[in-house]
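What follows is one structure encoded as structure tokens, with my remarks underneath.
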Amino acid sequence: MNEPLRLLNRTEVEAKFGVSKRFLEMAVMRNDGPPFIKIGRLVRYRAEDIEAWIAQQRVTPNAI
């Protein structure tokens, strides 16, 4: 059975993933950062979108 869709607010994203609310606010204004869902004036995030976005931020240093 599928879990119901759980949308997270910025406070919940910060607590669960360590991405600050301020960063998320600025990312929405810059149109970058993790994908989000807009419901009226509310901005919400899916946990799987945050996880995927974090994985995309991985930087591998060049081997010398």
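Naming scheme: A, B, ... for chains in displayed order of the structure tokens; residues 1 onward per chain; ligands 1 onward as shown.
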Please, which residues of chain A, numbered as in this document, come out helix (DSSP H, G or I) from DSSP, as a list of chain:residue names?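 Selection result, helix (DSSP H, G or I) within chain A: A:Arg10, A:Thr11, A:Glu12, A:Val13, A:Glu14, A:Ala15, A:Lys16, A:Phe17, A:Lys21, A:Arg22, A:Phe23, A:Leu24, A:Glu25, A:Met26, A:Ala27, A:Val28, A:Met29, A:Arg30, A:Ala47, A:Glu48, A:Asp49, A:Ile50, A:Glu51, A:Ala52, A:Trp53, A:Ile54, A:Ala55, A:Gln56.
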Expected file: the selected residues, C-alpha atoms, as a PDB file, in the first residue's frame:
ATOM      1  CA  ARG A  10      10.668  24.808   5.339  1.00  0.00           C
ATOM      2  CA  THR A  11      10.989  24.250   9.076  1.00  0.00           C
ATOM      3  CA  GLU A  12      10.515  20.510   8.590  1.00  0.00           C
ATOM      4  CA  VAL A  13      13.029  20.429   5.709  1.00  0.00           C
ATOM      5  CA  GLU A  14      15.566  22.235   7.882  1.00  0.00           C
ATOM      6  CA  ALA A  15      15.046  19.816  10.790  1.00  0.00           C
ATOM      7  CA  LYS A  16      15.127  16.661   8.672  1.00  0.00           C
ATOM      8  CA  PHE A  17      17.785  17.517   6.065  1.00  0.00           C
ATOM      9  CA  LYS A  21      15.009  27.896   5.892  1.00  0.00           C
ATOM     10  CA  ARG A  22      16.828  31.035   4.718  1.00  0.00           C
ATOM     11  CA  PHE A  23      18.579  29.116   1.930  1.00  0.00           C
ATOM     12  CA  LEU A  24      15.238  27.648   0.823  1.00  0.00           C
ATOM     13  CA  GLU A  25      13.609  31.096   0.837  1.00  0.00           C
ATOM     14  CA  MET A  26      16.410  32.573  -1.262  1.00  0.00           C
ATOM     15  CA  ALA A  27      16.427  29.568  -3.616  1.00  0.00           C
ATOM     16  CA  VAL A  28      12.743  30.113  -4.418  1.00  0.00           C
ATOM     17  CA  MET A  29      13.410  33.780  -5.268  1.00  0.00           C
ATOM     18  CA  ARG A  30      16.457  32.845  -7.409  1.00  0.00           C
ATOM     19  CA  ALA A  47      11.095  14.498   0.891  1.00  0.00           C
ATOM     20  CA  GLU A  48      12.160  12.503  -2.184  1.00  0.00           C
ATOM     21  CA  ASP A  49      12.737  15.740  -4.140  1.00  0.00           C
ATOM     22  CA  ILE A  50      14.963  17.099  -1.354  1.00  0.00           C
ATOM     23  CA  GLU A  51      16.920  13.827  -1.201  1.00  0.00           C
ATOM     24  CA  ALA A  52      17.425  13.790  -4.989  1.00  0.00           C
ATOM     25  CA  TRP A  53      18.486  17.453  -5.023  1.00  0.00           C
ATOM     26  CA  ILE A  54      21.003  16.864  -2.221  1.00  0.00           C
ATOM     27  CA  ALA A  55      22.455  13.917  -4.148  1.00  0.00           C
ATOM     28  CA  GLN A  56      22.865  16.168  -7.214  1.00  0.00           C
TER      29      GLN A  56
END
Backbone DSSP call of strand (DSSP E) for region 9-47 of chain A, listed as a ChimeraX atom specification: /A:37-39,42-46
For CA of Leu42 (chain A) and CA of Leu7 (chain A), the interatomic separation in Å (one decimal): 10.8 Å
In Å, rounded to a single decimal, give me how far CA of Arg41 (chain A) is from CA of Ser20 (chain A).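 Calculated distance between CA of Ser20 (chain A) and CA of Arg41 (chain A) is 19.5 Å.
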Hey, can you check how far CA of Lys38 (chain A) sits from CA of Val59 (chain A)? 29.1 Å
